[in-house]
Structures are given as C-alpha cells and as structure tokens.
Amino acid sequence: MKIGVYVCHCGINIAANVDVKAVAEYAKTLPNVVVAKDYVFMCSDPGQDLIKEDVEELGLDRVVVASCSPRMHEPTFRKAVQTKGMNAFLFEQANIREHCSWVHEDRESGTEKAKALVSAAVAKAALLKPLEVMEADVEPSALVVGGGIAGIHAAIDSANAGYKTYLLERDPSLGGHVAEMCKIFPNMDRAACLLIPKMTEVATHPNISVLTYSELIDVGGFIGNFDLKIKKKPRYVDPEKCTACGECAKVCPVKTDDGKAAIDMPYPFAVPRTYTINPELCLRFQEGEGDCSKCKDACPEGAVDFEQTEEEQELKIGAIVVATGYDEFDASLKPELRYDLYDNVITGVEFEKKLLEAEKTGKIEINGKEPKDVIFVQCVGSRDKNVGNEYCSRVCCMYTAKQATMVKDLIPDSNVTVCYIDVRAYGRGYEQFYENAQKKGVRYWRGNPAEVYKDDGKLVVRAENTLLGDPKEISADLVVLATGMTSKSDARELGNLLKVPQSGDRFFLEAHPKLGPVNTASDGVYIAGTCQGPKDIADTLAQASGAVMKALIPLCQGKVFIEPITSVVDEEICSGCHMCEKICVYDAPTFDEEKGVMTINSIVCKGCGSCGATCPSGAISMNHFRDQQLFAQINMLSS
C-alpha cells in the first residue's frame, strides 16, 4: 500500500501556529507513507497538481490531505484524485486549521496536535474501501409549499424554466401577508399593484397547477423522487360554477367583527376567485343550529354544494421549495401593553387594514373618531428575551415609518411619536425613507415602554427615556404595536414531514448560513422567504429565486448523485428488533419479512449514524466510518 500525505500552510491560517514542514517530515515516518509534502495552498491548482502527479507517477493507493475542514474542500480533493483513476473515497482529510491552528496559540502544542491528527488520518486511510456514488432518475417537476409572495415568485421562476410546478396553499386563496398590506416601503407602491399581476400569472401559467385550500400530509421518497400525499379540504362551493357575484354573502346570517360572512372570499382579487364556506362559522355545520341553506338558495349558478367531502391527491415530485411564511407575534403575550384590554391599542397588521380603508374613505377612524395623538411602539415581540424572541424582525422599523408617514399625510395636524429601541434601516433607500418620515413631522423618541394604561379616558404610554435615563408619560388616542415575525405555529409538524430541522428561534434551519442559505439538511428540500427567518419583500424574492435555482439543478441534470456514505446491516448479527427503524428520522431502515432482518434504503439514508449508535447488537456500521477504521484512529491518538 502506498499513501501520500500533503500538508497545507493555508497561507498563514495554519502556518502561524503549526510548524507545517515539521508535520510533513513526521508524516514520512508513518506506516505505508511513501511521500509527504507541504504547500502554501493545497486547494489551489498547483497544490492539486502535486497530488495528481504523485498519484500517477508513484502509484499511490491512498491520499491524505492535512488542511482545513473537510466540509470546505473534501469535494475538491476527491475530484483531484478521481481524475487520475483513484476512487474518490480512498481520500481522507485531517482538519489542522479549525482543530489546531485556530484554537491553539502555542505553536509547539499546535504542531504536536497536528501530527497526531495526521497519524490518525493515515491509520484510517489504510483501511478505507472503494465506494461508488449511486444514481437515480429524477421526476421533472417541483412543488412549492406556501402561496404567499415568496411561493408565488418561486413557482413562476420554476414554471418559466419549463418544469411542471405545483403551488400548494392551505388557505382558500393565494396572496399571504402581502395581500393584507396597503403600501410597500420604500417606494410606497400599492401592495396590490405588486401582487395582483403575479397572482394572475400563476393562475394562467400553463406549467403551474394551483392547489389552494390544500395541505401536505405525507412525504416519502428522496431527492428527485418524492412521493407526496395532499389533502384537499372541501370549499362547499364549486369553483367552476361560482362567478363571485357575492349574493351568497349578502344573505348569510353570520357576520364576524370585521364584516366577513360565513361564506366569503378573502379579498376581491383572490385566486382562485371563488367563495368558500367556513364550517367553523356556518350555522349548517353547527350542532343544534338548524339547517340553514340561505346561501344555496341565493346562488344563481347553483355553486353551493354542502355534500362536498375531503379529497386526497398523490403527486410524484423531483424537488420541493418551502415558502410557508411567518405568523404575527401575539401581542397579548405582552400584557403590560393592554392589547387585550383597550380597543384603541392595536397591532401594526390591524392598523394596515385601517389604512386600506382610509385609502377609500380619505380618513382614519378609531371608534368613530379621528385620532390626533398616535404613538407607535417598536419591537413588540422582537429583541425580547422575556418572550423567547431575541432576534430582530427586520421589517418593523420600516413598516412603522411607512404607517407613521401615512398618518401625517392623512391627518396633517396629528402628533405622531415612535417609541423605539434602535432604528434599523438597512436596505437601499431605507435610511432616506426614515429621514423623510422625520421631515414630515414624525417624532422619534428613544424609549422603552413599560406599560399602557388609561387616565381620564385617554391612553397613556409610560416609558423610560433610554438616552437620559428618566421616565416619561405620553398621552395618545391610538397606540399601534409594531409586532414582529414568529415562525408558523405548525412549523414543527411540516418540518417533521420534510425532515427539515428548526433553529433556536424556531424558523427553519438552513444547511449553512453562508454556503447553503437556501439548502436544508434534507436533500431536495429548499427554503425561501420568512419561513427561514425575518426579512423584507426584496430579500424574500431574492431568496425565492435562489431556492428555485438550487431546486432546478437536479431537474436539469435528470439524475441525482447520492454519496455512498450510508449505513449497512450485517444480516448475520441483526436480530430484527426495529430499534434503528424507530430512531431514524429519514425512514431509511425497513424490516425484511422474509429474512427477518433490517435493511437500509441507501438512497434515503443520510449517513448520520444514529441507527448504528442505537443498534444493541452492533449489526449496523457506516460506510467510510466503519468500526475498525475508527478504532485505528483512536489507537494512533492514544499511543
């Protein structure tokens, strides 16, 4: 056996605290090592050429590179040895940058540790076995989960690339949060002007199938070949017959506080443009409430159908983009702000609806009166350890500036105050937008509100001036709480279905914050928009396009290549106890009834090792990380 060892300086990243040449000289003394060299940057073309030349001229069987993290350059070196006919999995990498140089200031101890890691890598390399990358055909279609602005944008990009795309939305209509907005900062464009053309394009695109009022209930398979089950809820209205005339809603005896009927359409430009019955409100579906059929009797097209039932649909999909959005923070979790107690303490989302009405009527009214003193309270549910949300929601500063500006436009003689912790105007044109709000007379007061209470019929905001350290009380007719973003309430359930974990802030976790911002731990599943974390519309659309670009790679290739570093079962030892099946989150182990042992679906397996650690009989091991290979490393490190 002939092993070649190559030690990288990584400029001064490694060489600063590790004697690289000494490590290379030491490597020459290790068993089976026939050549050991050092170079400034092993990942560079000249560095890779050193390896290639030695593989060809010396007939190396194994190659070990001591450099940075395998996560960064293991694929680079695997390709290098593969070009010269060596199996890519006969390569081993030792991390002497992050594990040595970057964590040790003492050069001598850093060098000794690097030598130990190289010796362990050489010991493992001698026991490596050739492995072959697996291939699987790809279903040339994509699913986008979530029909908000991110999902709509992603579906259009995917469809325009020529692939069949399914857009799944659990609500009756597409649109998401943007459909509830009045104007969009910083250009103050109408939200509807941005959204309606995109919704129309989605509804009419030949490559897009819109599945509204539907939910994902089961996911099987793997990248390129996902098997999905989708539940379609009954609308109790036939969308093919409904003309959205509104006669049904007019006669409906049930009305909510915001004027919605039990049979209604979310907004005039809804897609699909059809009415839906809410069974939680409709008298017909309430026990003991009678047999109301007024909407059915009033419908001129006979579209109302109380006999509709839930349906299931199965799909075969190549890639999945998750764009499920966010939930608004529940302001009642801040009881000191009296959101639940006073009807003139409202959230920013609720105030957005008031502004939509004001666009039609020309005036803002709260309880029938025009508010003259308006206070906006920032960071409600964001940057707050007490409610478990330590992150900034990123959009609150700017949507408050927008709303405050609109108040000054509609009520020029109003007194508008913003209580803020810090103003974060990070996007293009945002700082100028914030400055323009101040020029219009919006007063920014750096204060941390302690409570809201009433005095003589008027709201009072008590806060601490965090610049001067003294308390202050400001009276108001209206208090608007700038509630932040939180993860969707059912994010965990969807994450479990798709095998996508959540981060500490409960948003979906990307594969890497820098190198894989739209990838997830589940191959073939990508994330976009605010399901991954708070962001504005511009960043949401950019990430949606990025996620689609990644999702289209396997669709364009027509094949997926799956690494063979997976679990394997020794059938002679396996007792068929099913413990590996219970622990695996990827559903890779299955029981072979005929043989009475567990088997591993290598295409689904992610090589995490949980099954091997759980197996009570030691029947499961990992390709490329077999027990004898790991024990060889341990022996070298402990000798």
# chains A, B, ... in the order shown; residues from 1 in each chain; ligands from 1

call {"tool": "residues_around", "arguments": {"residues": "Ser119 in chain A", "least_positions_apart": "3", "cutoff": "7 Å", "atoms": "only C-alpha atoms", "output": "list in words"}}
result
Leu30, Lys115, Ala116, Val122, Ala123 and Met636 of chain A

call {"tool": "select_by_dssp", "arguments": {"residues": "range 370-603 of chain A", "states": "alpha helix (DSSP H)", "output": "JSON, numbers by chain"}}
result
{"A": [396, 397, 398, 399, 400, 401, 402, 403, 404, 405, 406, 407, 408, 409, 410, 430, 431, 432, 433, 434, 435, 436, 437, 438, 439, 491, 492, 493, 494, 495, 496, 497, 498, 537, 538, 539, 540, 541, 542, 543, 544, 545, 546, 547, 548, 549, 550, 551, 552, 553, 554, 555, 556, 557, 579, 580, 581, 582, 583]}

call {"tool": "residues_around", "arguments": {"residues": "Val237 in chain A", "least_positions_apart": "3", "cutoff": "7 Å", "atoms": "only C-alpha atoms", "output": "number ranges by chain"}}
result
A: 275-276, 303-305

call {"tool": "write_last_selection", "arguments": {"atoms": "C-alpha atoms", "output": "PDB file, in the first residue's frame"}}
result
ATOM      1  CA  TYR A 275     -66.263  31.871  -2.412  1.00  0.00           C
ATOM      2  CA  THR A 276     -65.605  29.377   0.399  1.00  0.00           C
ATOM      3  CA  ALA A 303     -72.466  26.598  -6.981  1.00  0.00           C
ATOM      4  CA  VAL A 304     -73.052  25.914  -3.265  1.00  0.00           C
ATOM      5  CA  ASP A 305     -72.640  22.199  -2.531  1.00  0.00           C
TER       6      ASP A 305
END

call {"tool": "select_by_dssp", "arguments": {"residues": "range 10-91 of chain A", "states": "strand (DSSP E or B)", "output": "PyMOL selection string"}}
result
chain A and resi 33-39+62-67+91

call {"tool": "residues_around", "arguments": {"residues": "Ser173 in chain A", "least_positions_apart": "2", "cutoff": "10 Å", "atoms": "only C-alpha atoms", "output": "JSON list (two decimals) with C-alpha atoms, in the first residue's frame"}}
result
[["chain", "number", "residue", "atom", "x", "y", "z"],
["A", 147, "GLY", "CA", -48.81, 30.64, -1.68],
["A", 148, "GLY", "CA", -47.53, 33.96, -0.36],
["A", 169, "GLU", "CA", -51.54, 26.81, -0.27],
["A", 170, "ARG", "CA", -53.61, 25.78, 2.74],
["A", 171, "ASP", "CA", -55.77, 28.94, 2.76],
["A", 175, "GLY", "CA", -51.55, 36.08, -1.52],
["A", 176, "GLY", "CA", -50.32, 35.60, 2.04],
["A", 179, "ALA", "CA", -52.47, 40.72, 0.23],
["A", 199, "MET", "CA", -51.23, 36.06, -8.90],
["A", 210, "VAL", "CA", -52.52, 25.87, -8.15],
["A", 211, "LEU", "CA", -53.67, 23.73, -5.21],
["A", 212, "THR", "CA", -55.39, 26.06, -2.75],
["A", 213, "TYR", "CA", -57.22, 25.07, 0.42],
["A", 265, "MET", "CA", -63.91, 35.47, -0.39],
["A", 266, "PRO", "CA", -60.69, 36.70, 1.30],
["A", 267, "TYR", "CA", -60.38, 39.77, -0.95],
["A", 269, "PHE", "CA", -58.64, 39.83, -6.28],
["A", 270, "ALA", "CA", -58.46, 36.37, -4.67],
["A", 271, "VAL", "CA", -57.02, 33.46, -6.66],
["A", 272, "PRO", "CA", -58.98, 31.34, -7.28],
["A", 273, "ARG", "CA", -61.79, 33.89, -7.49],
["A", 274, "THR", "CA", -64.38, 31.85, -5.69],
["A", 275, "TYR", "CA", -66.26, 31.87, -2.41],
["A", 276, "THR", "CA", -65.60, 29.38, 0.40]]

call {"tool": "residues_around", "arguments": {"residues": "range 126-129 of chain A", "least_positions_apart": "2", "cutoff": "12 Å", "atoms": "only C-alpha atoms", "output": "CSV table (one decimal) with all heavy atoms, in the first residue's frame"}}
result
chain,number,residue,atom,x,y,z
A,1,MET,N,0.8,-1.2,0.0
A,1,MET,CA,0.0,0.0,0.0
A,1,MET,C,0.9,1.2,0.0
A,1,MET,O,1.9,1.3,0.7
A,1,MET,CB,-0.9,0.0,1.2
A,1,MET,CG,-1.8,1.2,1.3
A,1,MET,SD,-3.0,1.1,2.7
A,1,MET,CE,-4.0,-0.3,2.1
A,2,LYS,N,0.5,2.2,-0.8
A,2,LYS,CA,1.2,3.5,-0.9
A,2,LYS,C,0.3,4.7,-0.6
A,2,LYS,O,-0.7,4.9,-1.2
A,2,LYS,CB,1.8,3.7,-2.3
A,2,LYS,CG,2.8,2.6,-2.7
A,2,LYS,CD,3.3,2.8,-4.1
A,2,LYS,CE,4.3,1.7,-4.5
A,2,LYS,NZ,4.8,1.9,-5.9
A,3,ILE,N,0.7,5.4,0.5
A,3,ILE,CA,-0.1,6.5,1.0
A,3,ILE,C,0.7,7.8,0.8
A,3,ILE,O,1.9,7.9,1.1
A,3,ILE,CB,-0.5,6.4,2.4
A,3,ILE,CG1,-1.3,5.1,2.7
A,3,ILE,CG2,-1.3,7.6,2.9
A,3,ILE,CD1,-1.7,4.9,4.1
A,4,GLY,N,0.1,8.8,0.2
A,4,GLY,CA,0.7,10.1,0.1
A,4,GLY,C,0.1,11.1,1.0
A,4,GLY,O,-1.2,11.2,1.2
A,30,LEU,N,5.4,7.6,9.1
A,30,LEU,CA,4.3,6.8,9.4
A,30,LEU,C,4.2,5.6,8.5
A,30,LEU,O,4.6,5.6,7.3
A,30,LEU,CB,3.0,7.6,9.3
A,30,LEU,CG,2.9,8.8,10.2
A,30,LEU,CD1,1.7,9.7,9.9
A,30,LEU,CD2,2.8,8.3,11.7
A,31,PRO,N,3.5,4.5,8.9
A,31,PRO,CA,3.4,3.2,8.1
A,31,PRO,C,2.7,3.5,6.8
A,31,PRO,O,1.8,4.2,6.7
A,31,PRO,CB,2.6,2.3,9.0
A,31,PRO,CG,2.8,2.8,10.4
A,31,PRO,CD,3.0,4.3,10.3
A,32,ASN,N,3.3,2.9,5.7
A,32,ASN,CA,2.7,2.9,4.4
A,32,ASN,C,2.8,4.3,3.7
A,32,ASN,O,2.4,4.4,2.5
A,32,ASN,CB,1.2,2.5,4.4
A,32,ASN,CG,1.0,1.1,4.9
A,32,ASN,OD1,1.7,0.2,4.6
A,32,ASN,ND2,0.1,1.0,5.8
A,33,VAL,N,3.4,5.3,4.3
A,33,VAL,CA,3.5,6.6,3.7
A,33,VAL,C,4.8,6.6,2.8
A,33,VAL,O,5.9,6.4,3.3
A,33,VAL,CB,3.6,7.8,4.7
A,33,VAL,CG1,3.9,9.1,4.0
A,33,VAL,CG2,2.3,7.8,5.5
A,60,LEU,N,0.1,5.9,-6.1
A,60,LEU,CA,-0.5,6.0,-4.7
A,60,LEU,C,-1.8,5.3,-4.6
A,60,LEU,O,-2.6,5.3,-5.6
A,60,LEU,CB,-0.7,7.5,-4.3
A,60,LEU,CG,0.6,8.3,-4.2
A,60,LEU,CD1,0.2,9.8,-3.8
A,60,LEU,CD2,1.6,7.8,-3.3
A,61,ASP,N,-2.0,4.6,-3.5
A,61,ASP,CA,-3.3,3.9,-3.3
A,61,ASP,C,-4.3,4.7,-2.5
A,61,ASP,O,-5.5,4.6,-2.5
A,61,ASP,CB,-3.1,2.6,-2.5
A,61,ASP,CG,-2.1,1.6,-3.2
A,61,ASP,OD1,-2.4,1.3,-4.4
A,61,ASP,OD2,-1.1,1.3,-2.6
A,62,ARG,N,-3.7,5.6,-1.6
A,62,ARG,CA,-4.5,6.4,-0.7
A,62,ARG,C,-3.8,7.8,-0.7
A,62,ARG,O,-2.6,8.0,-0.8
A,62,ARG,CB,-4.5,5.9,0.7
A,62,ARG,CG,-5.0,4.4,0.8
A,62,ARG,CD,-6.5,4.3,0.6
A,62,ARG,NE,-6.9,2.9,1.0
A,62,ARG,CZ,-6.8,1.9,0.2
A,62,ARG,NH1,-6.3,2.0,-1.1
A,62,ARG,NH2,-7.3,0.7,0.6
A,63,VAL,N,-4.7,8.8,-0.4
A,63,VAL,CA,-4.2,10.2,-0.3
A,63,VAL,C,-4.8,10.8,1.0
A,63,VAL,O,-6.0,10.7,1.2
A,63,VAL,CB,-4.5,11.1,-1.5
A,63,VAL,CG1,-4.3,12.5,-1.2
A,63,VAL,CG2,-3.7,10.6,-2.7
A,64,VAL,N,-3.9,11.5,1.8
A,64,VAL,CA,-4.3,12.2,3.0
A,64,VAL,C,-3.9,13.6,2.8
A,64,VAL,O,-2.7,13.9,2.5
A,64,VAL,CB,-3.7,11.6,4.2
A,64,VAL,CG1,-4.0,12.5,5.5
A,64,VAL,CG2,-4.2,10.2,4.5
A,86,MET,N,-8.1,7.2,-9.2
A,86,MET,CA,-8.3,6.7,-7.9
A,86,MET,C,-9.7,6.8,-7.5
A,86,MET,O,-10.3,7.8,-7.8
A,86,MET,CB,-7.3,7.4,-6.9
A,86,MET,CG,-7.5,6.9,-5.5
A,86,MET,SD,-6.5,8.0,-4.3
A,86,MET,CE,-4.9,7.5,-4.8
A,87,ASN,N,-10.2,5.9,-6.7
A,87,ASN,CA,-11.6,6.0,-6.2
A,87,ASN,C,-11.6,7.2,-5.2
A,87,ASN,O,-10.8,7.4,-4.3
A,87,ASN,CB,-12.0,4.7,-5.4
A,87,ASN,CG,-13.4,4.7,-5.0
A,87,ASN,OD1,-13.7,5.3,-4.0
A,87,ASN,ND2,-14.3,4.1,-5.7
A,88,ALA,N,-12.6,8.0,-5.4
A,88,ALA,CA,-12.7,9.3,-4.6
A,88,ALA,C,-12.8,9.0,-3.1
A,88,ALA,O,-12.4,9.9,-2.3
A,88,ALA,CB,-13.9,10.1,-5.0
A,89,PHE,N,-13.3,7.8,-2.7
A,89,PHE,CA,-13.5,7.5,-1.3
A,89,PHE,C,-12.2,6.9,-0.6
A,89,PHE,O,-12.3,6.4,0.5
A,89,PHE,CB,-14.7,6.7,-1.1
A,89,PHE,CG,-16.0,7.5,-1.5
A,89,PHE,CD1,-16.5,7.4,-2.8
A,89,PHE,CD2,-16.6,8.3,-0.6
A,89,PHE,CE1,-17.6,8.1,-3.1
A,89,PHE,CE2,-17.7,9.1,-0.9
A,89,PHE,CZ,-18.2,9.0,-2.2
A,90,LEU,N,-11.1,6.9,-1.4
A,90,LEU,CA,-9.8,6.4,-0.8
A,90,LEU,C,-9.0,7.7,-0.4
A,90,LEU,O,-7.8,7.6,-0.1
A,90,LEU,CB,-9.1,5.6,-1.8
A,90,LEU,CG,-9.8,4.3,-2.3
A,90,LEU,CD1,-8.9,3.5,-3.3
A,90,LEU,CD2,-10.1,3.4,-1.0
A,91,PHE,N,-9.7,8.8,-0.3
A,91,PHE,CA,-9.1,10.0,0.1
A,91,PHE,C,-9.6,10.3,1.6
A,91,PHE,O,-10.7,10.1,1.9
A,91,PHE,CB,-9.5,11.2,-0.8
A,91,PHE,CG,-9.3,12.6,-0.2
A,91,PHE,CD1,-8.0,13.1,-0.2
A,91,PHE,CD2,-10.3,13.3,0.5
A,91,PHE,CE1,-7.7,14.3,0.4
A,91,PHE,CE2,-10.0,14.5,1.0
A,91,PHE,CZ,-8.7,15.0,1.0
A,92,GLU,N,-8.7,10.8,2.4
A,92,GLU,CA,-9.0,11.2,3.8
A,92,GLU,C,-8.4,12.6,4.1
A,92,GLU,O,-7.3,12.9,3.6
A,92,GLU,CB,-8.4,10.2,4.7
A,92,GLU,CG,-8.7,10.4,6.2
A,92,GLU,CD,-10.2,10.3,6.5
A,92,GLU,OE1,-11.0,9.7,5.8
A,92,GLU,OE2,-10.6,10.9,7.6
A,119,SER,N,-1.5,11.4,11.9
A,119,SER,CA,-1.3,10.0,12.1
A,119,SER,C,-2.6,9.2,12.2
A,119,SER,O,-2.7,8.1,11.6
A,119,SER,CB,-0.5,9.8,13.4
A,119,SER,OG,-1.3,10.1,14.5
A,120,ALA,N,-3.6,9.8,12.8
A,120,ALA,CA,-4.9,9.2,12.8
A,120,ALA,C,-5.5,9.1,11.5
A,120,ALA,O,-6.1,8.0,11.1
A,120,ALA,CB,-5.8,9.9,13.8
A,121,ALA,N,-5.4,10.1,10.6
A,121,ALA,CA,-5.9,10.1,9.3
A,121,ALA,C,-5.2,9.0,8.4
A,121,ALA,O,-5.9,8.4,7.6
A,121,ALA,CB,-5.8,11.5,8.6
A,122,VAL,N,-3.9,8.9,8.6
A,122,VAL,CA,-3.2,7.9,7.8
A,122,VAL,C,-3.6,6.5,8.2
A,122,VAL,O,-3.8,5.6,7.4
A,122,VAL,CB,-1.7,8.0,8.1
A,122,VAL,CG1,-0.9,6.8,7.5
A,122,VAL,CG2,-1.2,9.3,7.4
A,123,ALA,N,-3.8,6.3,9.5
A,123,ALA,CA,-4.3,5.0,10.0
A,123,ALA,C,-5.6,4.6,9.5
A,123,ALA,O,-5.9,3.4,9.0
A,123,ALA,CB,-4.3,5.0,11.5
A,124,LYS,N,-6.5,5.6,9.4
A,124,LYS,CA,-7.9,5.3,8.8
A,124,LYS,C,-7.8,5.1,7.3
A,124,LYS,O,-8.4,4.2,6.8
A,124,LYS,CB,-8.8,6.5,9.1
A,124,LYS,CG,-10.2,6.3,8.5
A,124,LYS,CD,-11.1,7.5,8.7
A,124,LYS,CE,-12.4,7.3,8.0
A,124,LYS,NZ,-13.3,8.5,8.1
A,131,LEU,N,-15.8,3.0,-2.7
A,131,LEU,CA,-17.2,3.1,-2.7
A,131,LEU,C,-17.6,3.8,-4.0
A,131,LEU,O,-16.9,4.5,-4.6
A,131,LEU,CB,-17.7,4.0,-1.5
A,131,LEU,CG,-17.3,3.5,-0.1
A,131,LEU,CD1,-17.7,4.5,0.9
A,131,LEU,CD2,-18.0,2.2,0.2
A,132,GLU,N,-18.9,3.5,-4.4
A,132,GLU,CA,-19.4,4.0,-5.7
A,132,GLU,C,-20.6,4.9,-5.4
A,132,GLU,O,-21.5,4.6,-4.7
A,132,GLU,CB,-19.7,2.9,-6.7
A,132,GLU,CG,-18.6,2.0,-7.1
A,132,GLU,CD,-17.5,2.8,-7.8
A,132,GLU,OE1,-17.8,3.8,-8.5
A,132,GLU,OE2,-16.3,2.4,-7.6
A,564,PRO,N,-22.3,7.4,-1.2
A,564,PRO,CA,-22.5,6.0,-0.6
A,564,PRO,C,-22.1,5.9,0.9
A,564,PRO,O,-22.0,4.8,1.4
A,564,PRO,CB,-21.5,5.2,-1.5
A,564,PRO,CG,-20.4,6.1,-1.8
A,564,PRO,CD,-21.0,7.4,-2.0
A,565,ILE,N,-21.9,7.1,1.5
A,565,ILE,CA,-21.5,7.0,3.0
A,565,ILE,C,-22.9,6.8,3.7
A,565,ILE,O,-23.5,7.8,4.2
A,565,ILE,CB,-20.8,8.3,3.4
A,565,ILE,CG1,-19.5,8.5,2.6
A,565,ILE,CG2,-20.5,8.3,4.9
A,565,ILE,CD1,-18.8,9.7,2.9
A,622,MET,N,-21.2,2.1,9.4
A,622,MET,CA,-21.2,3.1,8.4
A,622,MET,C,-20.2,3.0,7.4
A,622,MET,O,-19.0,2.8,7.7
A,622,MET,CB,-21.0,4.5,9.1
A,622,MET,CG,-22.2,4.9,10.0
A,622,MET,SD,-23.6,5.5,9.0
A,622,MET,CE,-22.8,6.8,8.1
A,623,ASN,N,-20.5,3.0,6.1
A,623,ASN,CA,-19.5,3.0,5.0
A,623,ASN,C,-18.6,4.3,5.3
A,623,ASN,O,-19.1,5.4,5.5
A,623,ASN,CB,-20.2,3.1,3.7
A,623,ASN,CG,-20.7,1.8,3.2
A,623,ASN,OD1,-20.2,0.8,3.5
A,623,ASN,ND2,-21.8,1.9,2.4
A,624,HIS,N,-17.4,4.1,5.1
A,624,HIS,CA,-16.3,5.1,5.2
A,624,HIS,C,-16.1,5.5,6.7
A,624,HIS,O,-15.1,6.2,7.0
A,624,HIS,CB,-16.8,6.4,4.5
A,624,HIS,CG,-15.6,7.2,4.0
A,624,HIS,ND1,-14.7,6.8,3.1
A,624,HIS,CD2,-15.2,8.5,4.4
A,624,HIS,CE1,-13.8,7.7,2.9
A,624,HIS,NE2,-14.0,8.8,3.7
A,625,PHE,N,-16.9,5.0,7.6
A,625,PHE,CA,-16.7,5.2,9.0
A,625,PHE,C,-16.9,3.9,9.8
A,625,PHE,O,-17.6,3.9,10.8
A,625,PHE,CB,-17.6,6.3,9.6
A,625,PHE,CG,-17.3,7.7,9.0
A,625,PHE,CD1,-17.9,8.1,7.9
A,625,PHE,CD2,-16.3,8.5,9.6
A,625,PHE,CE1,-17.7,9.4,7.4
A,625,PHE,CE2,-16.0,9.7,9.1
A,625,PHE,CZ,-16.7,10.2,8.0
A,626,ARG,N,-16.3,2.8,9.3
A,626,ARG,CA,-16.5,1.5,9.9
A,626,ARG,C,-15.8,1.5,11.2
A,626,ARG,O,-14.8,2.2,11.4
A,626,ARG,CB,-16.1,0.4,9.0
A,626,ARG,CG,-17.1,0.3,7.8
A,626,ARG,CD,-16.7,-0.9,6.9
A,626,ARG,NE,-17.6,-1.0,5.8
A,626,ARG,CZ,-18.7,-1.8,5.8
A,626,ARG,NH1,-19.0,-2.4,6.9
A,626,ARG,NH2,-19.5,-1.9,4.8
A,627,ASP,N,-16.2,0.5,12.1
A,627,ASP,CA,-15.6,0.5,13.4
A,627,ASP,C,-14.1,0.3,13.4
A,627,ASP,O,-13.4,1.0,14.1
A,627,ASP,CB,-16.2,-0.7,14.2
A,627,ASP,CG,-17.7,-0.4,14.6
A,627,ASP,OD1,-18.2,0.7,14.4
A,627,ASP,OD2,-18.4,-1.4,15.0
A,628,GLN,N,-13.6,-0.6,12.5
A,628,GLN,CA,-12.2,-0.8,12.5
A,628,GLN,C,-11.4,0.4,12.1
A,628,GLN,O,-10.3,0.6,12.5
A,628,GLN,CB,-11.8,-2.0,11.6
A,628,GLN,CG,-12.2,-2.0,10.2
A,628,GLN,CD,-13.6,-2.6,9.9
A,628,GLN,OE1,-14.5,-2.4,10.8
A,628,GLN,NE2,-13.8,-3.2,8.8
A,629,GLN,N,-12.0,1.2,11.2
A,629,GLN,CA,-11.4,2.4,10.8
A,629,GLN,C,-11.3,3.4,11.9
A,629,GLN,O,-10.3,4.1,12.1
A,629,GLN,CB,-12.1,3.0,9.6
A,629,GLN,CG,-12.1,2.2,8.3
A,629,GLN,CD,-13.1,2.6,7.3
A,629,GLN,OE1,-14.0,3.4,7.5
A,629,GLN,NE2,-13.1,2.0,6.1
A,630,LEU,N,-12.4,3.6,12.7
A,630,LEU,CA,-12.4,4.5,13.8
A,630,LEU,C,-11.5,4.0,14.9
A,630,LEU,O,-10.8,4.8,15.6
A,630,LEU,CB,-13.8,4.6,14.3
A,630,LEU,CG,-14.8,5.2,13.3
A,630,LEU,CD1,-16.2,5.3,13.9
A,630,LEU,CD2,-14.4,6.5,12.7
A,631,PHE,N,-11.5,2.7,15.2
A,631,PHE,CA,-10.6,2.2,16.2
A,631,PHE,C,-9.1,2.4,15.8
A,631,PHE,O,-8.3,2.6,16.7
A,631,PHE,CB,-10.8,0.7,16.4
A,631,PHE,CG,-12.1,0.4,17.2
A,631,PHE,CD1,-12.9,-0.6,16.8
A,631,PHE,CD2,-12.5,1.2,18.3
A,631,PHE,CE1,-14.1,-0.9,17.5
A,631,PHE,CE2,-13.7,1.0,19.0
A,631,PHE,CZ,-14.5,-0.1,18.6
A,632,ALA,N,-8.8,2.3,14.5
A,632,ALA,CA,-7.4,2.6,14.1
A,632,ALA,C,-7.0,4.0,14.4
A,632,ALA,O,-5.9,4.3,14.8
A,632,ALA,CB,-7.3,2.3,12.6
A,633,GLN,N,-7.9,4.9,14.2
A,633,GLN,CA,-7.7,6.3,14.6
A,633,GLN,C,-7.5,6.5,16.1
A,633,GLN,O,-6.5,7.2,16.5
A,633,GLN,CB,-8.8,7.2,14.1
A,633,GLN,CG,-8.9,7.4,12.6
A,633,GLN,CD,-10.0,8.4,12.2
A,633,GLN,OE1,-11.2,8.1,12.3
A,633,GLN,NE2,-9.6,9.6,11.7

call {"tool": "residues_around", "arguments": {"residues": "range 414-420 of chain A", "least_positions_apart": "6", "cutoff": "9 Å", "atoms": "only C-alpha atoms", "output": "list in words"}}
result
Pro371, Lys372, Asp373, Val374, Ile375, Phe376, Val377, Gln378, Cys379, Cys397, Thr400, Ala401, Ala404, Thr405, Val407, Lys408, Gly441, Val442, Arg443, Tyr444, Trp445, Arg446, Gly447, Asn448, Pro449, Ala463 and Ala476 of chain A

call {"tool": "closest_residue", "arguments": {"among": "A:Lys488, A:His578, A:Lys28, A:Arg71", "to": "Glu328 in chain A", "atoms": "only C-alpha atoms"}}
result
A:Lys488

call {"tool": "residues_around", "arguments": {"residues": "Gly504 in chain A", "least_positions_apart": "2", "cutoff": "10 Å", "atoms": "only C-alpha atoms", "output": "list in words"}}
result
Gly388, Asn389, Glu390, Pro501, Gln502, Arg506, Phe507, Phe508 and Leu509 of chain A

call {"tool": "closest_residue", "arguments": {"among": "A:Val321, A:Cys299, A:Cys248, A:Val479", "to": "Asn344 in chain A", "atoms": "only C-alpha atoms"}}
result
A:Val479

call {"tool": "closest_residue", "arguments": {"among": "A:Val480, A:Lys113, A:Gln82, A:Ile634", "to": "Pro130 in chain A", "atoms": "only C-alpha atoms"}}
result
A:Gln82

call {"tool": "closest_residue", "arguments": {"among": "A:Glu139, A:Asp327, A:Glu56, A:Glu74", "to": "Leu552 in chain A", "atoms": "only C-alpha atoms"}}
result
A:Glu139

call {"tool": "closest_residue", "arguments": {"among": "A:Asn17, A:Lys250, A:Glu365, A:Lys198", "to": "His104 in chain A", "atoms": "only C-alpha atoms"}}
result
A:Asn17
